[in-house]
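> Just one file: start31.txt, with compact mmCIF, C-alpha atoms.
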```
# COMPACT_ATOMS: atom_id res chain seq x y z
CA MET Y 6 18.38 -16.35 -18.96
CA PRO Y 7 20.60 -16.73 -15.85
CA ALA Y 8 18.86 -16.40 -12.50
CA THR Y 9 19.13 -13.03 -10.77
CA PRO Y 10 21.65 -13.32 -7.89
CA ARG Y 11 20.20 -13.04 -4.40
CA ASN Y 12 22.47 -11.03 -2.10
CA PHE Y 13 20.91 -12.07 1.21
CA VAL Y 14 18.51 -14.50 2.88
CA PHE Y 15 15.22 -13.15 4.24
CA ILE Y 16 13.03 -15.41 6.39
CA CYS Y 17 9.77 -14.18 7.89
CA GLY Y 18 6.49 -15.50 9.24
CA PRO Y 19 3.88 -15.11 11.98
CA ASP Y 20 5.65 -17.30 14.55
CA ASP Y 21 9.08 -16.27 15.83
CA PHE Y 22 9.90 -19.79 17.04
CA ILE Y 23 9.43 -21.32 13.59
CA VAL Y 24 11.16 -18.41 11.85
CA ASN Y 25 14.22 -18.57 14.14
CA ARG Y 26 14.39 -22.33 13.78
CA VAL Y 27 14.57 -22.04 9.98
CA GLY Y 28 16.96 -19.08 10.29
CA LYS Y 29 19.35 -21.01 12.51
CA GLU Y 30 19.48 -23.85 9.99
CA ARG Y 31 20.27 -21.45 7.13
CA PHE Y 32 22.87 -19.56 9.18
CA GLU Y 33 24.70 -22.75 10.14
CA ALA Y 34 24.53 -24.09 6.58
CA LEU Y 35 25.98 -20.87 5.14
CA ALA Y 36 28.72 -20.83 7.79
CA ALA Y 37 29.66 -24.42 6.96
CA GLU Y 38 29.63 -23.68 3.24
CA ALA Y 39 31.88 -20.64 3.73
CA ASN Y 40 34.19 -22.51 6.14
CA ALA Y 41 33.63 -19.60 8.52
CA ASP Y 42 35.36 -19.84 11.89
CA GLU Y 43 33.93 -18.32 15.07
CA PHE Y 44 35.55 -14.95 14.27
CA SER Y 45 33.81 -14.83 10.90
CA ARG Y 46 30.33 -15.50 12.30
CA GLU Y 47 28.21 -12.85 14.00
CA ILE Y 48 24.66 -12.69 15.35
CA VAL Y 49 23.05 -9.25 15.76
CA SER Y 50 19.79 -8.79 17.66
CA GLY Y 51 17.07 -6.97 15.73
CA PHE Y 52 14.64 -6.78 18.63
CA ALA Y 53 13.59 -3.19 19.30
CA ALA Y 54 11.04 -1.71 21.71
CA ASN Y 55 11.18 1.83 20.31
CA VAL Y 56 12.55 3.90 17.44
CA ASP Y 57 15.91 4.57 19.15
CA GLU Y 58 16.47 0.84 19.56
CA VAL Y 59 15.58 0.30 15.90
CA GLU Y 60 18.31 2.75 14.90
CA THR Y 61 20.80 1.04 17.23
CA ALA Y 62 19.97 -2.41 15.82
CA VAL Y 63 20.26 -1.30 12.19
CA ASN Y 64 23.61 0.44 12.88
CA ARG Y 65 25.00 -2.67 14.56
CA PHE Y 66 23.87 -4.78 11.63
CA ARG Y 67 25.48 -2.34 9.17
CA ASP Y 68 28.78 -2.50 11.08
CA ALA Y 69 28.66 -6.30 11.11
CA ALA Y 70 27.82 -6.51 7.39
CA GLN Y 71 30.63 -4.13 6.41
CA THR Y 72 33.33 -5.56 8.67
CA VAL Y 73 36.10 -7.45 6.88
CA ALA Y 74 36.92 -10.94 8.13
CA MET Y 75 39.91 -10.90 10.50
CA PHE Y 76 41.73 -13.73 8.73
CA GLY Y 77 40.27 -13.24 5.28
CA GLY Y 78 37.53 -15.31 3.71
CA LYS Y 79 33.78 -14.81 3.90
CA ARG Y 80 31.81 -13.54 6.89
CA VAL Y 81 28.34 -14.81 7.83
CA VAL Y 82 26.00 -12.46 9.72
CA TRP Y 83 22.55 -13.24 11.15
CA PHE Y 84 20.21 -10.30 11.89
CA LYS Y 85 17.99 -12.15 14.34
CA ASP Y 86 14.59 -11.45 16.00
CA VAL Y 87 13.75 -8.42 13.84
CA ASN Y 88 10.39 -7.20 15.15
CA PHE Y 89 10.10 -3.66 13.77
CA LEU Y 90 8.62 -4.75 10.42
CA ALA Y 91 5.26 -5.53 12.03
CA ASP Y 92 2.12 -3.38 12.05
CA THR Y 93 2.86 -1.88 15.49
CA VAL Y 94 3.36 1.58 16.94
CA THR Y 95 7.13 1.20 16.57
CA GLY Y 96 6.81 -0.35 13.11
CA ARG Y 97 4.65 2.53 11.83
CA ALA Y 98 6.81 5.33 13.27
CA ASP Y 99 8.51 7.72 10.79
CA GLY Y 100 11.90 7.10 12.41
CA THR Y 101 11.51 3.34 11.93
CA LEU Y 102 10.49 3.75 8.28
CA LYS Y 103 13.65 5.82 7.65
CA GLN Y 104 15.80 3.10 9.21
CA VAL Y 105 14.07 0.47 7.08
CA GLU Y 106 14.90 2.52 3.97
CA ALA Y 107 18.55 2.66 5.10
CA LEU Y 108 18.48 -1.10 5.65
CA GLN Y 109 17.17 -1.64 2.12
CA GLU Y 110 19.94 0.53 0.66
CA LEU Y 111 22.53 -1.51 2.56
CA LEU Y 112 21.09 -4.84 1.36
CA ALA Y 113 20.90 -3.64 -2.25
CA LYS Y 114 24.65 -2.91 -2.27
CA VAL Y 115 25.97 -5.84 -0.26
CA ASN Y 116 28.67 -7.98 -1.87
CA ALA Y 117 27.50 -11.57 -1.47
CA ASP Y 118 31.01 -12.84 -2.27
CA GLU Y 119 32.36 -11.16 0.88
CA VAL Y 120 29.50 -11.59 3.36
CA ALA Y 121 26.47 -13.87 3.65
CA LEU Y 122 23.52 -12.18 5.37
CA VAL Y 123 20.55 -13.88 7.01
CA ILE Y 124 17.60 -11.82 8.30
CA THR Y 125 14.80 -13.38 10.35
CA ALA Y 126 11.73 -11.29 11.14
CA ALA Y 127 8.47 -12.10 12.93
CA PRO Y 128 5.81 -10.93 12.69
CA VAL Y 129 5.93 -8.96 9.42
CA ASP Y 130 3.37 -6.74 7.73
CA ARG Y 131 3.78 -8.11 4.21
CA ARG Y 132 1.64 -5.32 2.72
CA ARG Y 133 4.54 -2.87 3.08
CA ALA Y 134 7.14 -2.02 0.49
CA PHE Y 135 10.21 -3.45 2.24
CA PRO Y 136 8.93 -7.04 2.69
CA LYS Y 137 7.69 -6.99 -0.92
CA TRP Y 138 11.12 -5.80 -2.05
CA CYS Y 139 12.79 -8.56 -0.02
CA GLU Y 140 10.49 -11.15 -1.56
CA ALA Y 141 11.59 -10.03 -5.03
CA ASN Y 142 15.30 -9.47 -4.32
CA SER Y 143 16.35 -12.02 -1.71
CA ASP Y 144 16.49 -15.73 -1.07
CA PHE Y 145 13.01 -15.45 0.47
CA THR Y 146 11.24 -17.93 2.79
CA LEU Y 147 7.82 -17.59 4.39
CA ALA Y 148 8.24 -19.86 7.42
CA GLY Y 149 5.06 -21.02 9.11
CA GLY Y 150 2.79 -19.88 6.29
CA ASP Y 151 -0.57 -18.31 6.90
CA GLY Y 152 -4.18 -19.43 6.80
CA GLU Y 153 -4.50 -23.17 6.34
CA SER Y 154 -0.76 -23.59 5.71
CA ALA Y 155 -0.09 -22.35 9.26
CA GLY Y 156 -1.55 -25.60 10.60
CA GLU Y 157 0.64 -27.57 8.22
CA ALA Y 158 3.69 -25.64 9.45
CA LEU Y 159 2.88 -26.52 13.07
CA ALA Y 160 2.52 -30.14 12.07
CA GLY Y 161 5.92 -29.88 10.39
CA VAL Y 162 7.49 -28.68 13.65
CA ALA Y 163 6.09 -31.67 15.55
CA ILE Y 164 7.09 -34.15 12.83
CA ALA Y 165 10.64 -32.76 12.68
CA GLU Y 166 10.99 -32.94 16.47
CA ALA Y 167 9.68 -36.50 16.53
CA ARG Y 168 12.11 -37.49 13.78
CA ALA Y 169 15.00 -35.97 15.75
CA CYS Y 170 13.92 -38.11 18.73
CA GLY Y 171 13.78 -41.26 16.60
CA VAL Y 172 10.00 -41.75 16.65
CA THR Y 173 7.04 -41.22 14.31
CA PHE Y 174 3.38 -40.25 14.69
CA GLY Y 175 0.64 -42.82 14.19
CA ALA Y 176 -2.63 -42.16 12.34
CA GLY Y 177 -4.54 -39.21 13.81
CA ALA Y 178 -2.01 -38.58 16.59
CA ILE Y 179 -0.57 -35.33 15.29
CA GLU Y 180 -4.04 -33.87 14.64
CA VAL Y 181 -5.08 -34.56 18.23
CA LEU Y 182 -1.81 -33.09 19.52
CA LEU Y 183 -2.29 -29.85 17.58
CA GLN Y 184 -5.90 -29.67 18.70
CA LYS Y 185 -4.83 -29.93 22.35
CA ILE Y 186 -1.78 -27.63 22.16
CA GLY Y 187 -2.98 -24.90 19.82
CA ALA Y 188 -0.49 -22.57 18.12
CA ASN Y 189 2.16 -22.59 20.88
CA THR Y 190 5.20 -23.95 19.04
CA ARG Y 191 7.46 -24.10 22.10
CA LEU Y 192 4.91 -26.13 24.02
CA LEU Y 193 4.32 -28.28 20.95
CA THR Y 194 8.04 -29.11 20.82
CA GLU Y 195 8.22 -30.00 24.52
CA GLU Y 196 5.10 -32.18 24.37
CA THR Y 197 6.48 -34.00 21.34
CA ARG Y 198 9.70 -34.73 23.23
CA LYS Y 199 7.70 -36.00 26.20
CA LEU Y 200 5.62 -38.30 24.00
CA ALA Y 201 8.77 -39.49 22.21
CA THR Y 202 10.32 -40.43 25.55
CA TYR Y 203 7.22 -42.46 26.38
CA ALA Y 204 7.20 -44.18 22.98
CA ASN Y 205 10.97 -44.93 23.12
CA GLU Y 206 13.36 -44.63 20.19
CA GLY Y 207 12.04 -46.37 17.11
CA GLY Y 208 8.50 -46.32 18.47
CA VAL Y 209 5.26 -44.75 17.29
CA ILE Y 210 3.31 -42.03 19.10
CA GLU Y 211 -0.29 -43.22 18.94
CA GLU Y 212 -3.47 -41.15 19.15
CA ALA Y 213 -4.50 -42.84 22.42
CA GLN Y 214 -1.17 -41.84 24.02
CA VAL Y 215 -1.70 -38.19 23.06
CA GLU Y 216 -5.23 -38.29 24.48
CA GLU Y 217 -3.94 -39.75 27.74
CA LEU Y 218 -0.67 -37.88 28.27
CA THR Y 219 -1.17 -34.40 26.78
CA PRO Y 220 -3.19 -31.85 28.77
CA ASN Y 221 -5.74 -29.67 26.98
CA PHE Y 222 -3.71 -26.47 26.81
CA ALA Y 223 -5.64 -24.99 23.88
CA GLU Y 224 -9.11 -24.94 25.41
CA GLY Y 225 -8.66 -25.78 29.07
CA ASP Y 226 -10.14 -28.59 31.17
CA PHE Y 227 -13.58 -28.15 29.53
CA PHE Y 228 -12.18 -29.54 26.26
CA ALA Y 229 -12.83 -33.13 27.38
CA ALA Y 230 -16.44 -32.41 28.34
CA ALA Y 231 -17.13 -30.90 24.90
CA ASP Y 232 -15.50 -33.93 23.25
CA ARG Y 233 -17.72 -36.36 25.11
CA PHE Y 234 -20.85 -34.28 24.50
CA PHE Y 235 -20.38 -34.14 20.73
CA ALA Y 236 -19.47 -37.83 20.61
CA GLY Y 237 -23.00 -38.45 21.96
CA ASP Y 238 -21.58 -40.03 25.12
CA LEU Y 239 -23.92 -39.06 27.98
CA ARG Y 240 -22.13 -41.11 30.63
CA GLY Y 241 -18.75 -39.71 29.62
CA THR Y 242 -20.09 -36.13 29.52
CA LEU Y 243 -21.50 -36.41 33.04
CA ALA Y 244 -18.20 -37.86 34.29
CA GLU Y 245 -16.22 -34.98 32.74
CA LEU Y 246 -18.62 -32.43 34.23
CA GLN Y 247 -18.15 -33.99 37.64
CA ARG Y 248 -14.36 -33.89 37.25
CA HIS Y 249 -14.47 -30.27 36.06
CA PHE Y 250 -16.50 -29.02 39.02
CA PHE Y 251 -14.62 -31.20 41.52
CA ASN Y 252 -11.52 -29.22 40.52
CA GLY Y 253 -13.29 -25.94 41.18
CA GLY Y 254 -14.26 -25.18 37.59
CA ASP Y 255 -16.87 -22.71 36.38
CA ALA Y 256 -19.77 -23.34 33.98
CA ARG Y 257 -19.11 -20.43 31.64
CA PRO Y 258 -16.09 -21.84 29.74
CA ILE Y 259 -17.95 -25.13 29.17
CA ILE Y 260 -20.99 -23.31 27.77
CA SER Y 261 -18.68 -21.22 25.57
CA ALA Y 262 -16.86 -24.31 24.25
CA LEU Y 263 -20.14 -26.08 23.50
CA GLN Y 264 -21.59 -23.07 21.69
CA ASN Y 265 -18.44 -22.46 19.64
CA ARG Y 266 -18.17 -26.06 18.51
CA ASN Y 267 -21.90 -26.34 17.84
CA ARG Y 268 -21.72 -23.28 15.55
CA ILE Y 269 -18.97 -24.96 13.53
CA LEU Y 270 -20.98 -28.19 13.29
CA ILE Y 271 -24.11 -26.31 12.13
CA GLN Y 272 -22.15 -24.78 9.26
CA ALA Y 273 -20.52 -28.13 8.44
CA ARG Y 274 -23.92 -29.89 8.48
CA VAL Y 275 -25.34 -27.39 5.97
CA LEU Y 276 -22.36 -27.80 3.62
CA LEU Y 277 -22.51 -31.60 3.89
CA ASP Y 278 -26.26 -31.67 3.24
CA ALA Y 279 -25.80 -29.38 0.23
CA GLY Y 280 -23.11 -31.65 -1.19
CA ASP Y 281 -20.40 -28.98 -1.07
CA LEU Y 282 -18.32 -31.11 1.31
CA ARG Y 283 -17.99 -34.84 1.87
CA SER Y 284 -17.59 -36.52 5.24
CA PRO Y 285 -13.98 -36.02 6.38
CA GLY Y 286 -11.45 -38.82 6.42
CA ASN Y 287 -8.56 -39.33 8.82
CA TYR Y 288 -6.84 -36.16 7.60
CA GLY Y 289 -9.81 -33.81 7.51
CA PHE Y 290 -11.95 -32.56 4.65
CA ASP Y 291 -10.85 -33.02 1.06
CA LYS Y 292 -8.73 -29.95 0.27
CA GLY Y 293 -10.15 -29.49 -3.21
CA ALA Y 294 -13.76 -29.56 -2.00
CA TRP Y 295 -12.85 -27.26 0.90
CA ALA Y 296 -11.25 -24.73 -1.46
CA ARG Y 297 -14.28 -24.75 -3.79
CA ALA Y 298 -16.71 -24.28 -0.90
CA GLN Y 299 -14.56 -21.50 0.54
CA GLU Y 300 -14.47 -19.71 -2.81
CA ALA Y 301 -18.26 -20.01 -3.14
CA TYR Y 302 -19.29 -18.95 0.37
CA ALA Y 303 -16.46 -17.14 2.20
CA GLY Y 304 -17.61 -13.79 0.79
CA LEU Y 305 -20.92 -14.14 2.65
CA PHE Y 306 -19.00 -13.64 5.91
CA GLY Y 307 -17.94 -10.12 4.89
CA GLY Y 308 -14.31 -10.99 4.20
CA ASP Y 309 -13.60 -11.71 7.88
CA THR Y 310 -10.31 -13.61 8.28
CA GLU Y 311 -9.99 -13.62 12.08
CA LYS Y 312 -10.44 -17.10 13.50
CA SER Y 313 -14.03 -17.37 14.74
CA SER Y 314 -16.61 -20.09 15.26
CA TYR Y 315 -19.05 -17.83 13.41
CA ASN Y 316 -17.06 -18.32 10.18
CA PHE Y 317 -16.45 -21.94 9.23
CA PHE Y 318 -13.75 -21.04 6.72
CA THR Y 319 -11.51 -19.32 9.29
CA GLN Y 320 -10.91 -22.75 10.86
CA ASN Y 321 -7.99 -24.90 9.77
CA GLN Y 322 -9.23 -27.52 7.31
CA TRP Y 323 -7.80 -30.43 9.30
CA TYR Y 324 -9.17 -29.05 12.59
CA ALA Y 325 -12.72 -28.61 11.26
CA GLY Y 326 -12.56 -32.09 9.75
CA LYS Y 327 -11.40 -33.51 13.07
CA LEU Y 328 -14.33 -31.89 14.91
CA VAL Y 329 -16.85 -33.19 12.42
CA GLY Y 330 -15.23 -36.60 12.10
CA SER Y 331 -15.11 -37.18 15.86
CA ALA Y 332 -18.74 -36.10 16.41
CA LYS Y 333 -21.90 -38.12 15.92
CA LEU Y 334 -23.15 -35.39 13.63
CA PRO Y 335 -26.92 -35.09 14.21
CA PRO Y 336 -29.44 -33.48 11.84
CA LEU Y 337 -29.42 -29.71 11.46
CA ARG Y 338 -32.57 -29.34 13.55
CA ARG Y 339 -30.93 -31.09 16.51
CA LEU Y 340 -27.89 -28.82 16.29
CA ILE Y 341 -30.11 -25.72 16.28
CA ASP Y 342 -32.01 -27.14 19.26
CA ASN Y 343 -28.65 -27.61 21.01
CA GLN Y 344 -27.80 -23.95 20.50
CA GLN Y 345 -31.12 -22.91 22.02
CA GLU Y 346 -30.53 -25.27 24.94
CA PHE Y 347 -27.14 -23.64 25.59
CA VAL Y 348 -28.77 -20.20 25.72
CA ARG Y 349 -31.46 -21.41 28.13
CA THR Y 350 -28.81 -23.10 30.27
CA PHE Y 351 -26.78 -19.90 30.49
CA GLU Y 352 -29.88 -18.01 31.61
CA GLU Y 353 -30.60 -20.73 34.18
CA ILE Y 354 -27.05 -20.48 35.56
CA ILE Y 355 -27.60 -16.75 36.13
CA ARG Y 356 -30.71 -17.59 38.13
CA ARG Y 357 -29.06 -20.49 40.00
CA PRO Y 358 -25.37 -19.52 40.31
CA ASN Y 359 -24.77 -21.99 43.16
CA GLU Y 360 -26.12 -24.98 41.20
CA GLN Y 361 -24.03 -24.77 38.04
CA GLU Y 362 -23.11 -28.44 37.89
CA ALA Y 363 -26.73 -29.53 38.31
CA VAL Y 364 -27.84 -27.14 35.56
CA LEU Y 365 -25.24 -28.48 33.11
CA ARG Y 366 -26.04 -32.08 33.98
CA ASP Y 367 -29.72 -31.46 33.26
CA MET Y 368 -28.84 -29.85 29.94
CA ALA Y 369 -26.65 -32.82 28.94
CA VAL Y 370 -29.45 -35.24 29.73
CA ARG Y 371 -31.98 -33.24 27.67
CA CYS Y 372 -29.64 -32.98 24.68
CA LEU Y 373 -28.23 -36.53 24.64
CA THR Y 374 -31.24 -38.70 25.48
```
Translate this structure into structure tokens?

Amino acid sequence: MPATPRNFVFICGPDDFIVNRVGKERFEALAAEANADEFSREIVSGFAANVDEVETAVNRFRDAAQTVAMFGGKRVVWFKDVNFLADTVTGRADGTLKQVEALQELLAKVNADEVALVITAAPVDRRRAFPKWCEANSDFTLAGGDGESAGEALAGVAIAEARACGVTFGAGAIEVLLQKIGANTRLLTEETRKLATYANEGGVIEEAQVEELTPNFAEGDFFAAADRFFAGDLRGTLAELQRHFFNGGDARPIISALQNRNRILIQARVLLDAGDLRSPGNYGFDKGAWARAQEAYAGLFGGDTEKSSYNFFTQNQWYAGKLVGSAKLPPLRRLIDNQQEFVRTFEEIIRRPNEQEAVLRDMAVRCLT
């Protein structure tokens, strides 16, 4: 049976930076394929803050899609930055839903021989009828993925940027970079360029360079103190605490970081002791074992999918493996004792608010000696 023709390209995902990056590549490829000059290419903004702006955006896109090329040939139109397909007040409004229906009617009738259409939307509520229809009737791409694949998509952004700069990542370097940056794709791109400049064309970005040159944007300055603590490095922990408070830091984010990471390690320790997971390698836990453990135990967390240190399986597989792999993972009893120490330390800080550094130093000594 011949494949069903796809009249338009639909690219969506949770991150607008990744979605627009993929959309730009498709738009330029279609324009090159169609030999479209600048008069045959058009970009229409789909960003809308209210229902009236949704109607304006859809009307402009309709006009662009139905306009005949000035000098003949095929037109290429990009409906960019569509944001009214999300689960928002504007996205749920009756007026918006009517405009989405009109958009679907337009896309169903478009002549792909006369015009190539690219739509990029982020974020998108994929439970709704229109995204499901697009998935079935378009050249569909989910850019950035979701769940565990979201981390892989971020890694793909960094790898692509490094390749464009003529460098590569060494073992463990990209995992540390993602851990420090978090889910900020723009910042991830800029940091990759900075590291590439340091490594020089043809070079390799090593893990030690990322540790030294990339600030801890994801968790703040307390990230380094937590790293040293869970590596079992008392001297390094005390040095990081001194640096943190010298810069005017507060104890609360450090306590929070320690508690959050300790919760993850408690859950990992239980799964390792039970044989459901094996010690992680350089690239995190084994994906097969992770998937089996998640299937067996994720339901015990009540179906919660929001990222939380209370639910081990809401963490990215590579991130959880990095935390466990970089820690001197003590017995379960020691981890539970740590959690109780953190609670007592928080209570002590309330009693001695002007001696926060001393309180944390005492806690580190008790836990690590």
> To one decimal place, how far is atom CA of Y:Phe44 from atom CA of Y:Ala117 in Å?
18.0 Å
> May I have the protein, DNA and RNA residues with any atom at most 8 Å from the point (-16.8, -19.9, 14.6), counting only C-alpha atoms, written as a list of chain:residue names?
Y:Asn265, Y:Arg266, Y:Arg268, Y:Ile269, Y:Lys312, Y:Ser313, Y:Ser314, Y:Tyr315, Y:Asn316, Y:Phe317, Y:Thr319, Y:Gln320
> Given only C-alpha atoms as the basis, pick out the residue of Y:Thr146, Y:Lys327, Y:Val27, Y:Thr72 nearest to Y:Ala178.
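Among the listed residues, the smallest separation from Y:Ala178 belongs to Y:Lys327.
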> Would you work out the distance separating atom CA of Y:Phe13 from atom CA of Y:Ala39, expressed in Å to one decimal?
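One can read the atom CA of Y:Phe13 to atom CA of Y:Ala39 distance as 14.1 Å.
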> Report, in Å with one decimal, the straight-line distance from atom CA of Y:Asn343 to atom CA of Y:Asn267.
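A separation of 7.6 Å between them.
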> So, counting all atoms listed in the file, which residue among Y:Asn116, Y:Thr219, Y:Thr101, Y:Gln344 is closest to Y:Leu270?
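Distance minimum relative to Y:Leu270 lands on Y:Gln344.
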> Quick one: residues within 10 Å of Y:Thr61, all atoms listed in the file counted, chain neighbours fewer than 4 positions away excluded, as an NGL selection string?
:Y and (50-51 or 53 or 56-57 or 65-67 or 104)
> Atoms to include: C-alpha atoms. Write the selected residues as a PDB file, in the frame of the given file.

```pdb
ATOM      1  CA  SER Y  50      19.790  -8.790  17.660  1.00  0.00           C
ATOM      2  CA  GLY Y  51      17.070  -6.970  15.730  1.00  0.00           C
ATOM      3  CA  ALA Y  53      13.590  -3.190  19.300  1.00  0.00           C
ATOM      4  CA  VAL Y  56      12.550   3.900  17.440  1.00  0.00           C
ATOM      5  CA  ASP Y  57      15.910   4.570  19.150  1.00  0.00           C
ATOM      6  CA  ARG Y  65      25.000  -2.670  14.560  1.00  0.00           C
ATOM      7  CA  PHE Y  66      23.870  -4.780  11.630  1.00  0.00           C
ATOM      8  CA  ARG Y  67      25.480  -2.340   9.170  1.00  0.00           C
ATOM      9  CA  GLN Y 104      15.800   3.100   9.210  1.00  0.00           C
TER      10      GLN Y 104
END
```
> Can you tell me which residues surround stretch 77-90 of chain Y at a distance of at most 6 Å, considering only C-alpha atoms, apart from same-chain residues fewer than 2 positions away, and format the answer as a list in words?
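Skipping anything fewer than 2 positions along the chain leaves Ser45, Arg46, Glu47, Ile48, Val49, Ser50, Gly51, Phe52, Ala74, Met75, Gly96, Glu119, Val120, Ala121, Leu122, Val123, Ile124, Thr125, Ala126, Ala127 and Val129 of chain Y.
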> Select all residues near (-1.9, -35.1, 20.4) (cut-off 8 Å, inclusive, file coordinates), counting only C-alpha atoms, and output them as number ranges by chain.
Y: 178-186, 212, 214-216, 219
> Could you check the closest approach to Y:Ala148 for each of Y:Asp20, Y:Asp342, Y:Glu195, Y:Asp281 and tell me which residue wins, using only C-alpha atoms?
Y:Asp20
> Can you pull out the residues contacting Y:Ala165? Cut-off 12 Å, using all atoms listed in the file, and skip same-chain residues under 5 positions away; I want them as a ChimeraX atom specification.
/Y:23,26-27,158-160,170-174,179,193-194,197-198,201
> Write the selection just made, keeping C-alpha atoms, as a PDB file, in the coordinates of the input?

```pdb
ATOM      1  CA  ILE Y  23       9.430 -21.320  13.590  1.00  0.00           C
ATOM      2  CA  ARG Y  26      14.390 -22.330  13.780  1.00  0.00           C
ATOM      3  CA  VAL Y  27      14.570 -22.040   9.980  1.00  0.00           C
ATOM      4  CA  ALA Y 158       3.690 -25.640   9.450  1.00  0.00           C
ATOM      5  CA  LEU Y 159       2.880 -26.520  13.070  1.00  0.00           C
ATOM      6  CA  ALA Y 160       2.520 -30.140  12.070  1.00  0.00           C
ATOM      7  CA  CYS Y 170      13.920 -38.110  18.730  1.00  0.00           C
ATOM      8  CA  GLY Y 171      13.780 -41.260  16.600  1.00  0.00           C
ATOM      9  CA  VAL Y 172      10.000 -41.750  16.650  1.00  0.00           C
ATOM     10  CA  THR Y 173       7.040 -41.220  14.310  1.00  0.00           C
ATOM     11  CA  PHE Y 174       3.380 -40.250  14.690  1.00  0.00           C
ATOM     12  CA  ILE Y 179      -0.570 -35.330  15.290  1.00  0.00           C
ATOM     13  CA  LEU Y 193       4.320 -28.280  20.950  1.00  0.00           C
ATOM     14  CA  THR Y 194       8.040 -29.110  20.820  1.00  0.00           C
ATOM     15  CA  THR Y 197       6.480 -34.000  21.340  1.00  0.00           C
ATOM     16  CA  ARG Y 198       9.700 -34.730  23.230  1.00  0.00           C
ATOM     17  CA  ALA Y 201       8.770 -39.490  22.210  1.00  0.00           C
TER      18      ALA Y 201
END
```
> Given the choices Y:Thr190, Y:Thr374, Y:Asn12, Y:Gln345, which gets closest to Y:Asp118 if the distance is worked out from only C-alpha atoms?
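Among Y:Thr190, Y:Thr374, Y:Asn12, Y:Gln345, it is Y:Asn12 that comes nearest to Y:Asp118.
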> Write out as a PyMOL selection string each polymer residue whose atoms come within 9 Å of Y:Ile354, counting all atoms listed in the file; drop sequence neighbours fewer than 4 positions from it.
chain Y and resi 256-257+349-350+358-361+364-365
> Given all atoms listed in the file as the basis, pick out the residue of Y:Gly237, Y:Gly330, Y:Phe351, Y:Cys372 nearest to Y:Gly177.
Y:Gly330
> Add whatever atoms are absent from stretch 97-107 of chain Y to reach N, CA, C and O atoms, and provide the output as a compact mmCIF listing (two decimals), in the frame of the given file.

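Produced file out16.txt, reproduced below:
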```txt
# COMPACT_ATOMS: atom_id res chain seq x y z
N ARG Y 97 5.25 1.48 12.66
CA ARG Y 97 4.65 2.53 11.83
C ARG Y 97 5.33 3.88 12.00
O ARG Y 97 5.04 4.82 11.24
N ALA Y 98 6.20 4.03 12.98
CA ALA Y 98 6.81 5.33 13.27
C ALA Y 98 7.68 5.80 12.11
O ALA Y 98 8.33 5.00 11.43
N ASP Y 99 7.71 7.13 11.89
CA ASP Y 99 8.51 7.72 10.79
C ASP Y 99 9.99 7.37 10.93
O ASP Y 99 10.67 7.08 9.94
N GLY Y 100 10.50 7.41 12.18
CA GLY Y 100 11.90 7.10 12.41
C GLY Y 100 12.23 5.67 12.02
O GLY Y 100 13.29 5.39 11.44
N THR Y 101 11.30 4.74 12.31
CA THR Y 101 11.51 3.34 11.93
C THR Y 101 11.52 3.19 10.42
O THR Y 101 12.36 2.47 9.85
N LEU Y 102 10.57 3.86 9.74
CA LEU Y 102 10.49 3.75 8.28
C LEU Y 102 11.77 4.26 7.62
O LEU Y 102 12.23 3.70 6.61
N LYS Y 103 12.39 5.32 8.19
CA LYS Y 103 13.65 5.82 7.65
C LYS Y 103 14.77 4.79 7.83
O LYS Y 103 15.61 4.60 6.95
N GLN Y 104 14.78 4.13 8.98
CA GLN Y 104 15.80 3.10 9.21
C GLN Y 104 15.60 1.90 8.29
O GLN Y 104 16.57 1.28 7.83
N VAL Y 105 14.36 1.58 8.00
CA VAL Y 105 14.07 0.47 7.08
C VAL Y 105 14.56 0.82 5.68
O VAL Y 105 15.10 -0.03 4.96
N GLU Y 106 14.38 2.08 5.27
CA GLU Y 106 14.90 2.52 3.97
C GLU Y 106 16.43 2.39 3.92
O GLU Y 106 17.00 1.96 2.92
N ALA Y 107 17.09 2.79 5.03
CA ALA Y 107 18.55 2.66 5.10
C ALA Y 107 18.97 1.20 5.03
O ALA Y 107 19.98 0.85 4.40
```
